[in-house]
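Chemist: Next comes data-v1.cif, mmCIF, C-alpha atoms and all ligand atoms:
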```cif
data_protein
loop_
_atom_site.label_atom_id
_atom_site.label_comp_id
_atom_site.auth_asym_id
_atom_site.auth_seq_id
_atom_site.Cartn_x
_atom_site.Cartn_y
_atom_site.Cartn_z
CA MET O 1246 2.46 30.91 2.76
CA THR O 1247 5.33 28.68 3.88
CA LEU O 1248 5.61 25.23 2.39
CA GLN O 1249 7.80 22.63 4.07
CA ALA O 1250 8.36 18.99 3.18
CA PHE O 1251 9.93 16.04 4.95
CA ARG O 1252 10.91 12.80 3.25
CA ALA O 1253 10.99 9.85 5.66
CA GLU O 1254 9.38 6.55 6.51
CA LEU O 1255 5.86 7.60 7.57
CA LEU O 1256 3.44 5.81 9.86
CA SER O 1257 0.05 7.00 11.10
CA VAL O 1258 -2.96 5.19 12.55
CA PRO O 1259 -5.69 7.84 12.34
CA GLU O 1260 -8.57 5.47 13.10
CA ASP O 1261 -8.86 2.61 15.56
CA PRO O 1262 -7.51 -0.60 13.98
CA ALA O 1263 -9.76 -2.54 16.40
CA GLN O 1264 -12.68 -0.94 14.50
CA GLY O 1265 -11.21 -1.66 11.07
CA GLY O 1266 -9.16 1.57 10.86
CA THR O 1267 -6.39 1.54 8.27
CA ILE O 1268 -2.70 1.70 9.07
CA ARG O 1269 -1.10 4.32 6.84
CA HIS O 1270 2.51 3.41 6.15
CA HIS O 1271 4.88 4.71 3.46
CA GLU O 1272 8.39 3.34 3.54
CA ASP O 1273 9.52 6.22 1.34
CA GLY O 1274 7.01 8.88 2.29
CA LEU O 1275 6.54 12.61 1.94
CA LEU O 1276 4.91 14.91 4.49
CA VAL O 1277 4.03 18.35 3.13
CA ILE O 1278 3.16 21.18 5.51
CA GLU O 1279 1.89 24.69 4.94
CA ASP O 1280 1.80 27.24 7.76
CA GLY O 1281 1.90 24.54 10.40
CA LEU O 1282 -0.86 22.41 8.87
CA VAL O 1283 -0.55 19.13 6.99
CA VAL O 1284 -1.15 19.50 3.24
CA ALA O 1285 -0.27 15.97 2.16
CA PHE O 1286 0.89 12.67 3.70
CA GLY O 1287 1.70 9.84 1.32
CA ALA O 1288 4.17 7.99 -0.87
CA HIS O 1289 7.02 10.17 -2.12
CA ALA O 1290 6.64 8.81 -5.64
CA ASP O 1291 2.95 9.85 -5.72
CA LEU O 1292 3.30 13.25 -4.09
CA ALA O 1293 6.61 14.57 -5.45
CA PRO O 1294 5.15 15.45 -8.89
CA ARG O 1295 2.40 17.51 -7.20
CA PHE O 1296 5.02 19.66 -5.45
CA PRO O 1297 7.80 20.02 -8.05
CA ASP O 1298 9.69 23.03 -6.67
CA LEU O 1299 9.66 22.04 -3.05
CA SER O 1300 12.85 21.85 -1.03
CA VAL O 1301 12.66 18.58 0.84
CA GLU O 1302 14.38 17.70 4.09
CA ARG O 1303 15.31 14.04 4.44
CA LEU O 1304 14.83 12.52 7.88
CA SER O 1305 16.15 9.14 8.88
CA GLY O 1306 13.87 7.22 11.23
CA LEU O 1307 10.17 6.45 11.59
CA LEU O 1308 7.99 9.58 11.46
CA VAL O 1309 4.76 9.27 13.48
CA PRO O 1310 2.20 11.76 14.84
CA GLY O 1311 3.14 13.55 18.07
CA PHE O 1312 2.06 11.69 21.19
CA VAL O 1313 -1.03 12.77 23.13
CA ASP O 1314 -0.86 12.28 26.91
CA THR O 1315 -4.46 12.21 28.18
CA HIS O 1316 -3.63 12.45 31.90
CA ILE O 1317 -0.61 13.95 33.65
CA HIS O 1318 0.07 16.23 36.65
CA TYR O 1319 2.71 18.89 35.99
CA PRO O 1320 3.05 19.86 39.70
CA GLN O 1321 4.04 16.27 40.46
CA THR O 1322 7.09 16.36 38.19
CA ASP O 1323 9.43 16.55 41.19
CA SER O 1324 7.47 13.86 43.08
CA ILE O 1325 7.98 11.09 40.53
CA ALA O 1326 9.44 7.93 42.06
CA ALA O 1327 8.31 8.69 45.63
CA TYR O 1328 8.46 5.53 47.73
CA GLY O 1329 5.62 3.76 49.44
CA GLY O 1330 1.88 3.91 50.04
CA GLN O 1331 -1.12 3.36 47.82
CA LEU O 1332 -3.22 6.23 46.50
CA LEU O 1333 -4.66 7.97 49.58
CA GLU O 1334 -1.55 7.57 51.73
CA TRP O 1335 0.75 8.55 48.81
CA LEU O 1336 -1.30 11.73 48.24
CA GLU O 1337 -1.02 12.76 51.91
CA ARG O 1338 2.64 11.88 52.29
CA HIS O 1339 4.17 13.00 49.01
CA ILE O 1340 1.78 14.89 46.76
CA PHE O 1341 -0.14 17.42 48.84
CA PRO O 1342 3.04 18.96 50.30
CA ALA O 1343 4.60 19.16 46.82
CA GLU O 1344 1.49 20.83 45.37
CA ALA O 1345 1.33 23.34 48.25
CA ALA O 1346 4.65 24.74 46.98
CA PHE O 1347 2.82 26.07 43.89
CA ALA O 1348 1.54 28.97 45.96
CA ASP O 1349 4.90 30.42 44.86
CA ARG O 1350 4.52 31.61 41.25
CA ALA O 1351 8.26 31.47 40.54
CA HIS O 1352 8.29 27.79 41.53
CA ALA O 1353 5.30 27.14 39.26
CA ASP O 1354 7.06 28.86 36.34
CA ALA O 1355 10.23 26.84 36.81
CA VAL O 1356 8.42 23.49 37.03
CA ALA O 1357 6.13 24.33 34.08
CA ALA O 1358 9.13 25.07 31.85
CA PHE O 1359 10.92 21.86 32.80
CA PHE O 1360 7.70 19.86 32.45
CA LEU O 1361 6.89 21.05 28.92
CA ASP O 1362 10.47 20.55 27.76
CA GLU O 1363 10.35 17.03 29.19
CA LEU O 1364 7.14 16.35 27.24
CA LEU O 1365 8.84 17.48 24.03
CA ARG O 1366 11.95 15.43 24.79
CA ASN O 1367 9.64 12.41 25.04
CA GLY O 1368 7.77 13.15 21.81
CA THR O 1369 4.60 14.35 23.54
CA THR O 1370 3.15 17.37 21.75
CA SER O 1371 -0.29 17.53 23.40
CA ALA O 1372 -1.49 16.76 26.90
CA LEU O 1373 -4.42 17.05 29.28
CA VAL O 1374 -2.74 18.32 32.44
CA PHE O 1375 -3.66 18.69 36.10
CA ALA O 1376 -2.37 21.92 37.65
CA THR O 1377 -2.85 22.65 41.38
CA VAL O 1378 -5.57 24.41 43.37
CA HIS O 1379 -3.73 27.71 42.77
CA ALA O 1380 -5.07 29.67 39.78
CA GLN O 1381 -1.57 30.95 39.05
CA SER O 1382 -0.35 27.38 38.54
CA VAL O 1383 -2.53 27.36 35.41
CA ASP O 1384 -1.22 30.75 34.30
CA ALA O 1385 2.34 29.46 34.69
CA LEU O 1386 1.66 26.36 32.59
CA PHE O 1387 -0.35 28.18 29.90
CA GLU O 1388 2.23 30.95 29.51
CA ALA O 1389 5.00 28.38 29.07
CA ALA O 1390 2.87 26.34 26.64
CA LEU O 1391 2.01 29.46 24.63
CA THR O 1392 5.73 30.19 24.20
CA ARG O 1393 6.23 26.66 22.85
CA ASN O 1394 3.02 26.74 20.76
CA MET O 1395 1.93 23.43 22.31
CA ARG O 1396 -1.61 22.10 22.39
CA ILE O 1397 -2.11 21.86 26.15
CA VAL O 1398 -5.42 21.53 28.01
CA SER O 1399 -5.44 22.24 31.73
CA GLY O 1400 -7.37 23.78 34.57
CA LYS O 1401 -7.21 24.88 38.18
CA VAL O 1402 -7.86 21.98 40.55
CA LEU O 1403 -11.07 22.30 42.55
CA MET O 1404 -10.78 20.77 46.04
CA ASP O 1405 -12.72 22.61 48.74
CA LEU O 1406 -12.40 19.55 51.00
CA GLY O 1407 -8.64 19.34 50.45
CA PRO O 1408 -6.08 19.58 53.28
CA GLU O 1409 -5.40 22.79 55.19
CA MET O 1410 -2.59 24.06 52.94
CA LEU O 1411 -4.27 23.04 49.71
CA HIS O 1412 -7.93 23.86 49.38
CA ASP O 1413 -10.28 26.42 47.89
CA SER O 1414 -13.94 27.16 48.61
CA VAL O 1415 -17.02 26.75 46.47
CA GLU O 1416 -17.01 30.50 45.76
CA THR O 1417 -13.31 31.10 45.11
CA GLY O 1418 -13.00 27.86 43.11
CA ARG O 1419 -15.78 28.93 40.83
CA ALA O 1420 -14.70 32.54 40.48
CA GLU O 1421 -11.08 31.59 39.72
CA THR O 1422 -12.19 29.00 37.18
CA GLU O 1423 -14.44 31.51 35.41
CA ALA O 1424 -11.61 34.06 35.37
CA LEU O 1425 -9.13 31.54 33.93
CA ILE O 1426 -11.58 30.47 31.23
CA SER O 1427 -12.09 34.05 30.08
CA ARG O 1428 -8.39 34.96 30.44
CA TRP O 1429 -7.19 32.07 28.26
CA ARG O 1430 -10.06 31.55 25.82
CA GLY O 1431 -8.87 31.42 22.21
CA ARG O 1432 -5.18 31.95 22.99
CA GLY O 1433 -2.63 29.87 21.09
CA ARG O 1434 -3.48 26.21 21.02
CA LEU O 1435 -4.63 26.08 24.63
CA GLY O 1436 -7.81 24.60 26.03
CA TYR O 1437 -9.47 24.65 29.42
CA ALA O 1438 -10.64 21.68 31.51
CA VAL O 1439 -12.64 22.22 34.66
CA THR O 1440 -10.78 19.95 37.07
CA PRO O 1441 -12.28 18.64 40.31
CA ARG O 1442 -9.50 16.50 41.85
CA PHE O 1443 -11.87 13.61 42.63
CA ALA O 1444 -15.14 12.99 44.42
CA LEU O 1445 -13.59 12.88 47.91
CA THR O 1446 -11.92 16.30 47.77
CA SER O 1447 -14.98 18.33 46.69
CA SER O 1448 -18.18 19.09 48.58
CA ASP O 1449 -21.54 18.36 46.99
CA ALA O 1450 -21.91 22.09 46.39
CA GLN O 1451 -18.58 22.29 44.57
CA LEU O 1452 -19.39 19.24 42.41
CA ALA O 1453 -22.74 20.82 41.53
CA GLY O 1454 -20.85 23.99 40.56
CA VAL O 1455 -18.62 21.95 38.24
CA GLY O 1456 -21.75 20.71 36.49
CA ASP O 1457 -22.88 24.33 36.02
CA LEU O 1458 -19.48 25.34 34.60
CA VAL O 1459 -19.44 22.47 32.11
CA ALA O 1460 -22.97 23.34 30.99
CA ALA O 1461 -22.15 27.06 30.71
CA HIS O 1462 -18.99 26.63 28.60
CA PRO O 1463 -19.50 24.30 25.61
CA GLU O 1464 -15.81 24.46 24.62
CA ILE O 1465 -14.28 23.19 27.86
CA LEU O 1466 -13.52 19.65 29.06
CA MET O 1467 -14.20 18.09 32.46
CA HIS O 1468 -11.18 16.22 33.82
CA THR O 1469 -11.07 14.11 36.97
CA HIS O 1470 -10.13 10.74 38.50
CA LEU O 1471 -12.46 7.73 38.72
CA ALA O 1472 -12.27 4.29 40.35
CA GLU O 1473 -8.52 4.14 40.69
CA ASN O 1474 -7.97 2.39 44.02
CA LEU O 1475 -10.10 0.09 46.20
CA GLY O 1476 -9.59 2.20 49.35
CA GLU O 1477 -10.67 5.30 47.46
CA ILE O 1478 -13.74 3.53 46.07
CA ALA O 1479 -14.77 2.35 49.57
CA ALA O 1480 -14.45 5.91 50.90
CA VAL O 1481 -16.59 7.24 48.03
CA ALA O 1482 -19.24 4.57 48.69
CA ASP O 1483 -19.20 5.57 52.38
CA ARG O 1484 -19.79 9.24 51.62
CA PHE O 1485 -22.40 8.67 48.89
CA PRO O 1486 -24.38 5.66 50.17
CA THR O 1487 -27.27 6.14 47.73
CA ALA O 1488 -25.13 6.37 44.57
CA ARG O 1489 -25.30 3.28 42.35
CA ASP O 1490 -21.52 3.33 41.94
CA TYR O 1491 -18.61 5.79 41.76
CA LEU O 1492 -19.49 7.04 38.27
CA ASP O 1493 -23.04 7.71 39.45
CA VAL O 1494 -21.67 10.20 41.99
CA TYR O 1495 -20.31 12.31 39.13
CA ASP O 1496 -23.44 11.67 37.06
CA ARG O 1497 -25.68 13.13 39.75
CA PHE O 1498 -23.84 16.44 39.44
CA GLY O 1499 -23.92 16.52 35.62
CA LEU O 1500 -20.27 15.56 35.15
CA VAL O 1501 -20.73 12.57 32.83
CA GLY O 1502 -20.89 13.81 29.26
CA PRO O 1503 -19.11 13.84 25.91
CA ARG O 1504 -16.44 16.27 27.13
CA SER O 1505 -15.60 14.30 30.29
CA VAL O 1506 -12.23 12.55 30.67
CA PHE O 1507 -11.90 10.13 33.58
CA ALA O 1508 -8.44 8.95 34.55
CA HIS O 1509 -7.89 5.32 35.55
CA CYS O 1510 -11.30 3.53 35.69
CA VAL O 1511 -9.46 0.45 36.93
CA HIS O 1512 -12.41 -0.92 38.89
CA LEU O 1513 -15.64 -0.33 36.95
CA GLU O 1514 -18.71 -2.51 36.53
CA ASP O 1515 -20.41 -2.98 33.18
CA ARG O 1516 -23.12 -0.49 34.16
CA SER O 1517 -20.58 2.30 34.45
CA LEU O 1518 -18.87 1.43 31.17
CA ALA O 1519 -22.22 1.30 29.38
CA ARG O 1520 -23.17 4.67 30.84
CA MET O 1521 -19.82 6.21 29.83
CA SER O 1522 -20.25 4.88 26.32
CA ASP O 1523 -23.79 6.28 26.06
CA ALA O 1524 -22.59 9.64 27.36
CA GLY O 1525 -19.57 9.72 25.04
CA SER O 1526 -17.13 10.09 27.94
CA SER O 1527 -13.46 9.08 27.72
CA ILE O 1528 -11.05 7.03 29.81
CA ALA O 1529 -7.36 7.81 30.30
CA PHE O 1530 -5.61 4.44 30.76
CA CYS O 1531 -2.51 4.99 32.92
CA PRO O 1532 -0.68 1.67 33.22
CA THR O 1533 2.60 2.77 34.85
CA SER O 1534 0.68 4.66 37.53
CA ASN O 1535 -1.73 1.79 38.17
CA LEU O 1536 1.22 -0.56 38.66
CA PHE O 1537 3.30 1.90 40.71
CA LEU O 1538 0.49 2.61 43.21
CA GLY O 1539 -0.71 -1.00 43.16
CA SER O 1540 -4.11 0.23 41.96
CA GLY O 1541 -4.92 -2.70 39.66
CA LEU O 1542 -5.08 -3.83 36.05
CA PHE O 1543 -7.25 -1.76 33.71
CA ASP O 1544 -9.62 -3.92 31.63
CA LEU O 1545 -9.20 -2.55 28.10
CA VAL O 1546 -11.25 -5.39 26.60
CA ALA O 1547 -14.26 -4.57 28.79
CA ALA O 1548 -14.01 -0.87 27.90
CA ASP O 1549 -13.77 -1.84 24.21
CA ARG O 1550 -16.78 -4.11 24.51
CA HIS O 1551 -18.80 -1.06 25.51
CA GLY O 1552 -17.16 1.18 22.92
CA VAL O 1553 -15.79 3.73 25.39
CA LYS O 1554 -13.25 6.21 23.99
CA ILE O 1555 -9.76 5.46 25.34
CA GLY O 1556 -6.54 7.44 25.51
CA ILE O 1557 -3.23 6.73 27.23
CA GLY O 1558 -2.00 8.74 30.20
CA THR O 1559 1.38 8.72 31.88
CA ASP O 1560 -0.09 10.13 35.12
CA VAL O 1561 3.27 11.42 36.28
CA GLY O 1562 4.03 11.62 39.29
CA ALA O 1563 2.29 8.31 40.15
CA GLY O 1564 3.25 7.28 36.64
CA THR O 1565 6.89 6.35 36.34
CA SER O 1566 7.79 7.77 32.92
CA PHE O 1567 7.06 10.79 30.73
CA SER O 1568 7.51 8.49 27.73
CA LEU O 1569 4.38 7.28 26.00
CA LEU O 1570 6.52 4.61 24.32
CA ALA O 1571 7.46 3.19 27.74
CA THR O 1572 3.87 3.62 28.88
CA LEU O 1573 2.64 1.54 25.92
CA GLY O 1574 5.13 -1.15 26.95
CA GLU O 1575 3.47 -1.29 30.37
CA ALA O 1576 0.01 -1.25 28.76
CA TYR O 1577 1.09 -4.34 26.84
CA LYS O 1578 2.10 -6.08 30.07
CA VAL O 1579 -1.17 -5.14 31.79
CA GLY O 1580 -2.92 -6.74 28.82
CA GLN O 1581 -0.76 -9.83 29.17
CA MET O 1582 -1.78 -10.16 32.84
CA ARG O 1583 -5.38 -10.29 31.60
CA GLY O 1584 -4.59 -12.63 28.70
CA THR O 1585 -5.22 -9.91 26.11
CA PRO O 1586 -1.96 -8.44 24.77
CA LEU O 1587 -2.18 -5.01 23.12
CA ASP O 1588 -1.37 -4.90 19.40
CA PRO O 1589 1.46 -2.42 18.62
CA PHE O 1590 -0.51 -0.55 15.91
CA ARG O 1591 -3.53 -0.26 18.22
CA ALA O 1592 -1.15 0.97 20.90
CA LEU O 1593 0.20 3.69 18.58
CA TYR O 1594 -3.39 4.66 17.74
CA LEU O 1595 -4.27 4.99 21.44
CA ALA O 1596 -1.23 7.19 22.09
CA THR O 1597 -1.96 9.50 19.12
CA ALA O 1598 -5.32 9.73 17.31
CA GLY O 1599 -7.15 7.78 20.04
CA GLY O 1600 -5.91 10.23 22.66
CA ALA O 1601 -6.88 13.15 20.43
CA ARG O 1602 -10.39 11.70 20.09
CA ALA O 1603 -10.60 11.22 23.86
CA LEU O 1604 -9.85 14.94 24.27
CA GLY O 1605 -12.26 16.04 21.53
CA LEU O 1606 -9.33 17.12 19.32
CA ALA O 1607 -9.47 14.47 16.60
CA ASP O 1608 -10.11 17.09 13.92
CA ARG O 1609 -6.92 18.98 14.89
CA ILE O 1610 -4.23 16.46 15.86
CA GLY O 1611 -3.29 12.80 16.10
CA GLY O 1612 -3.36 11.46 12.55
CA LEU O 1613 -1.32 13.80 10.32
CA GLN O 1614 -4.34 13.98 8.04
CA PRO O 1615 -4.52 16.88 5.56
CA GLY O 1616 -5.79 19.94 7.43
CA GLN O 1617 -4.52 18.72 10.80
CA GLU O 1618 -1.80 20.46 12.77
CA ALA O 1619 1.66 19.19 11.92
CA ASP O 1620 2.79 17.85 15.30
CA PHE O 1621 5.06 14.87 14.72
CA VAL O 1622 7.92 12.85 16.08
CA LEU O 1623 10.89 11.12 14.50
CA LEU O 1624 11.46 7.75 16.19
CA ASP O 1625 14.89 6.12 16.08
CA PRO O 1626 14.53 2.32 16.03
CA ALA O 1627 18.30 2.06 16.53
CA ALA O 1628 18.45 4.46 19.49
CA THR O 1629 20.33 2.03 21.74
CA PRO O 1630 22.68 -0.84 20.88
CA LEU O 1631 20.03 -3.34 21.95
CA LEU O 1632 17.24 -1.64 19.95
CA ALA O 1633 19.54 -1.53 16.93
CA ARG O 1634 20.19 -5.29 17.14
CA ARG O 1635 16.55 -6.13 17.82
CA THR O 1636 15.12 -3.98 15.00
CA ALA O 1637 17.73 -4.74 12.30
CA GLY O 1638 15.83 -6.38 9.48
CA ALA O 1639 12.62 -6.52 11.56
CA SER O 1640 9.15 -5.96 10.10
CA LEU O 1641 7.33 -2.68 10.70
CA ALA O 1642 5.24 -4.34 13.43
CA GLY O 1643 8.39 -5.79 14.97
CA ARG O 1644 10.18 -2.43 15.01
CA LEU O 1645 7.15 -0.63 16.41
CA PHE O 1646 6.70 -3.23 19.15
CA ALA O 1647 10.40 -3.16 20.06
CA LEU O 1648 10.20 0.64 20.36
CA GLN O 1649 7.28 0.26 22.77
CA ILE O 1650 8.97 -2.41 24.90
CA LEU O 1651 12.57 -1.14 24.80
CA GLY O 1652 12.14 2.52 23.86
CA ASP O 1653 11.76 5.72 25.86
CA ASP O 1654 13.06 9.30 25.52
CA ARG O 1655 16.25 7.92 23.98
CA ALA O 1656 14.25 6.78 20.94
CA ILE O 1657 12.91 10.28 20.22
CA ALA O 1658 15.29 11.76 17.66
CA ARG O 1659 13.23 14.89 16.95
CA THR O 1660 9.95 16.48 17.96
CA TYR O 1661 8.12 18.96 15.72
CA VAL O 1662 5.33 21.27 16.85
CA ALA O 1663 3.15 22.80 14.12
CA GLY O 1664 5.87 22.03 11.59
CA ASN O 1665 8.66 23.61 13.64
CA LEU O 1666 11.52 21.70 15.21
CA ALA O 1667 10.83 21.86 18.94
CA TRP O 1668 13.41 19.37 20.19
CA ALA O 1669 16.32 17.43 18.69
CA ARG O 1670 18.45 14.79 20.35
CA SER O 1671 22.09 15.84 20.33
ZN ZN I 1 -3.85 11.56 38.18
#
```
Let's see the structure in the file written out as structure tokens.
Ligand SMILES: [Zn+2]

Modeler:
Amino acid sequence: MTLQAFRAELLSVPEDPAQGGTIRHHEDGLLVIEDGLVVAFGAHADLAPRFPDLSVERLSGLLVPGFVDTHIHYPQTDSIAAYGGQLLEWLERHIFPAEAAFADRAHADAVAAFFLDELLRNGTTSALVFATVHAQSVDALFEAALTRNMRIVSGKVLMDLGPEMLHDSVETGRAETEALISRWRGRGRLGYAVTPRFALTSSDAQLAGVGDLVAAHPEILMHTHLAENLGEIAAVADRFPTARDYLDVYDRFGLVGPRSVFAHCVHLEDRSLARMSDAGSSIAFCPTSNLFLGSGLFDLVAADRHGVKIGIGTDVGAGTSFSLLATLGEAYKVGQMRGTPLDPFRALYLATAGGARALGLADRIGGLQPGQEADFVLLDPAATPLLARRTAGASLAGRLFALQILGDDRAIARTYVAGNLAWARS
């Protein structure tokens, strides 16, 4: 039994403020942890008498739950900021060649290590991650995540219709997925997501196989892309002329359920949103990616109207930052373009507990509730001269908003994973 305690300004938004969820804020707070799990989160004055002999570490800054990135591609780390082309052209020109390099295990190991360290440097403690078509790309990521004790969910990409240098077959895709699921089941804090790239890169037979895998393994997620770009949507409609819409393509193969996470969903009709809500599926909203590729403006209000679960994704390498703070700043601007600005507390919820809920992990992470895993981040509202001026004397909402608009990795003073210091700014 190892008790730890941190005294700091605490902020957590464990339930959606748009649904009446409470904002938990303690200007002088105490976070008590035992063996990596939260024991207590509250006002120092209330909790200190309950833990009289505790040695307490004082932290200066705003302590919030670790960020949850609900959609990111680790093999695209080196392809961030690649010029030109919308989705399909960008994939051909920049991404497929970069992913082909993951046939080399040493390359995969090197990128996985950098990628996870970059997540930690940005305050991201959990993520749902695309690997590549190569099974060993998942092994590389999972081994590196195990070393860091991070809660990472990933899976081998299925793409039997992918380009020459980057495709599997129905049989190998399935066999490798089954082998990865059994190899990694129950290890560390890892989870598996069966990961068809998107409708266009898998045959009907492979998509049907994904449905079988999801049905056969009740603990895994299904992770893919949906309705990101108009050219992509037209190509999907061309190939599946009898489908009602893009979501219906996935639905026909049994891929729309409570463990399904769909990245983007920029162009969806009400029917699709209603169906996703009924099914309990989740959306990963990826604003920097949607702007970078010119994909469009996600309609958060429409998704909310249908009650669809939402998380935030950076979608690196189409996304332009590993920072969920910076990503929330772009989410705010996307909202402004639609006349519906995102509230900063709601934004924090979406990047923490909301993301956890989208990944089916709300009982484990996201809110720093007693019993949850103690993944947390110390934000520095004075990280830059400008932030320091802007946040001096500002309200909590003002500081939080300034961190989202002006902040990035520089505003992450420390990152803790399961109660252990995993990264500290020098
Ligand atoms: Zn993506």

Chemist: Suppose you want the space between CA of Ser1517 in chain O and CA of Leu1492 in chain O; what is it in Å?

Modeler: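 One can read the CA of Ser1517 in chain O to CA of Leu1492 in chain O distance as 6.2 Å.
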
Chemist: Taking all atoms listed in the file and a cut-off of 9 Å, can you tell me which residues surround ligand ZN 1 (chain I), written as a JSON list (two decimals) with C-alpha atoms, in the coordinates of the input?

Modeler:
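Output (pocket-v3.json):
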```json
[["chain", "number", "residue", "atom", "x", "y", "z"],
["O", 1316, "HIS", "CA", -3.63, 12.45, 31.90],
["O", 1317, "ILE", "CA", -0.61, 13.95, 33.65],
["O", 1318, "HIS", "CA", 0.07, 16.23, 36.65],
["O", 1374, "VAL", "CA", -2.74, 18.32, 32.44],
["O", 1375, "PHE", "CA", -3.66, 18.69, 36.10],
["O", 1442, "ARG", "CA", -9.50, 16.50, 41.85],
["O", 1469, "THR", "CA", -11.07, 14.11, 36.97],
["O", 1470, "HIS", "CA", -10.13, 10.74, 38.50],
["O", 1508, "ALA", "CA", -8.44, 8.95, 34.55],
["O", 1509, "HIS", "CA", -7.89, 5.32, 35.55],
["O", 1531, "CYS", "CA", -2.51, 4.99, 32.92],
["O", 1534, "SER", "CA", 0.68, 4.66, 37.53],
["O", 1558, "GLY", "CA", -2.00, 8.74, 30.20],
["O", 1559, "THR", "CA", 1.38, 8.72, 31.88],
["O", 1560, "ASP", "CA", -0.09, 10.13, 35.12],
["O", 1561, "VAL", "CA", 3.27, 11.42, 36.28],
["O", 1562, "GLY", "CA", 4.03, 11.62, 39.29],
["O", 1563, "ALA", "CA", 2.29, 8.31, 40.15],
["O", 1564, "GLY", "CA", 3.25, 7.28, 36.64]]
```

Chemist: Figure out the distance between CA of Thr1369 in chain O and CA of Gln1249 in chain O, please, to one decimal in Å.

Modeler: 21.4 Å

Chemist: Env of Leu1536 in chain O: 12 Å cut, atoms = all atoms listed in the file, seq-sep filter 3 positions within chain, self excluded. Answer as JSON, numbers by chain.

Modeler: {"O": [1331, 1332, 1473, 1474, 1509, 1511, 1530, 1531, 1532, 1533, 1539, 1540, 1541, 1542, 1543, 1559, 1560, 1563, 1564, 1565, 1572, 1575, 1576, 1578, 1579, 1582]}

Chemist: Name all residues at most 12 Å from Leu1606 in chain O (count all atoms listed in the file; drop same-chain ones fewer than 2 positions away) and give them as a ChimeraX atom specification.

Modeler: /O:1313,1315,1371-1373,1396-1398,1434-1436,1464-1466,1504,1556,1597-1604,1608-1612,1617-1618

Chemist: Tell me which protein, DNA and RNA residues are within 9 Å of Leu1645 in chain O, counting only C-alpha atoms, leaving out same-chain ones fewer than 2 positions away, and put them as a PyMOL selection string.

Modeler: chain O and resi 1589-1590+1593+1626+1636+1640-1643+1647-1650

Chemist: Measuring between only C-alpha atoms, which one of O:Leu1386, O:Ile1528, O:Leu1364, O:Ala1288 shows the shortest distance to Thr1660 in chain O?

Modeler: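 Of O:Leu1386, O:Ile1528, O:Leu1364, O:Ala1288, the one nearest Thr1660 in chain O, counting only C-alpha atoms, is O:Leu1364.
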
Chemist: Excluding Ser1305 in chain O and its own-chain neighbours fewer than 3 positions away, which residues fall within 8 Å of it when counting all atoms listed in the file? Please give them as a ChimeraX atom specification.

Modeler: /O:1253-1254,1623,1625

Chemist: Take the residues that were just selected and, keeping C-alpha atoms, output them as a PDB file, in the frame of the given file.

Modeler:
```pdb
ATOM      1  CA  ALA O1253      10.990   9.850   5.660  1.00  0.00           C
ATOM      2  CA  GLU O1254       9.380   6.550   6.510  1.00  0.00           C
ATOM      3  CA  LEU O1623      10.890  11.120  14.500  1.00  0.00           C
ATOM      4  CA  ASP O1625      14.890   6.120  16.080  1.00  0.00           C
TER       5      ASP O1625
END
```

Chemist: Determine, counting only C-alpha atoms, every residue of protein, DNA or RNA that lies within 10 Å of (-21.8, 21.0, 36.9) in the file coordinates, then give the result as a list in words.

Modeler: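 It turns out the residues near that spot are Val1439, Ala1450, Gln1451, Leu1452, Ala1453, Gly1454, Val1455, Gly1456, Asp1457, Leu1458, Val1459, Ala1460, Ala1461, Met1467, Tyr1495, Asp1496, Arg1497, Phe1498, Gly1499, Leu1500 and Val1501 of chain O.
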
Chemist: Give me a file of those residues, with C-alpha atoms, as a PDB file, in the frame of the given file.

Modeler:
```pdb
ATOM      1  CA  VAL O1439     -12.640  22.220  34.660  1.00  0.00           C
ATOM      2  CA  ALA O1450     -21.910  22.090  46.390  1.00  0.00           C
ATOM      3  CA  GLN O1451     -18.580  22.290  44.570  1.00  0.00           C
ATOM      4  CA  LEU O1452     -19.390  19.240  42.410  1.00  0.00           C
ATOM      5  CA  ALA O1453     -22.740  20.820  41.530  1.00  0.00           C
ATOM      6  CA  GLY O1454     -20.850  23.990  40.560  1.00  0.00           C
ATOM      7  CA  VAL O1455     -18.620  21.950  38.240  1.00  0.00           C
ATOM      8  CA  GLY O1456     -21.750  20.710  36.490  1.00  0.00           C
ATOM      9  CA  ASP O1457     -22.880  24.330  36.020  1.00  0.00           C
ATOM     10  CA  LEU O1458     -19.480  25.340  34.600  1.00  0.00           C
ATOM     11  CA  VAL O1459     -19.440  22.470  32.110  1.00  0.00           C
ATOM     12  CA  ALA O1460     -22.970  23.340  30.990  1.00  0.00           C
ATOM     13  CA  ALA O1461     -22.150  27.060  30.710  1.00  0.00           C
ATOM     14  CA  MET O1467     -14.200  18.090  32.460  1.00  0.00           C
ATOM     15  CA  TYR O1495     -20.310  12.310  39.130  1.00  0.00           C
ATOM     16  CA  ASP O1496     -23.440  11.670  37.060  1.00  0.00           C
ATOM     17  CA  ARG O1497     -25.680  13.130  39.750  1.00  0.00           C
ATOM     18  CA  PHE O1498     -23.840  16.440  39.440  1.00  0.00           C
ATOM     19  CA  GLY O1499     -23.920  16.520  35.620  1.00  0.00           C
ATOM     20  CA  LEU O1500     -20.270  15.560  35.150  1.00  0.00           C
ATOM     21  CA  VAL O1501     -20.730  12.570  32.830  1.00  0.00           C
TER      22      VAL O1501
END
```

Chemist: Can you measure CA of Thr1370 in chain O to CA of Asp1314 in chain O for me? One decimal in Å is fine.

Modeler: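 Computed distance, CA of Thr1370 in chain O to CA of Asp1314 in chain O, equals 8.3 Å.
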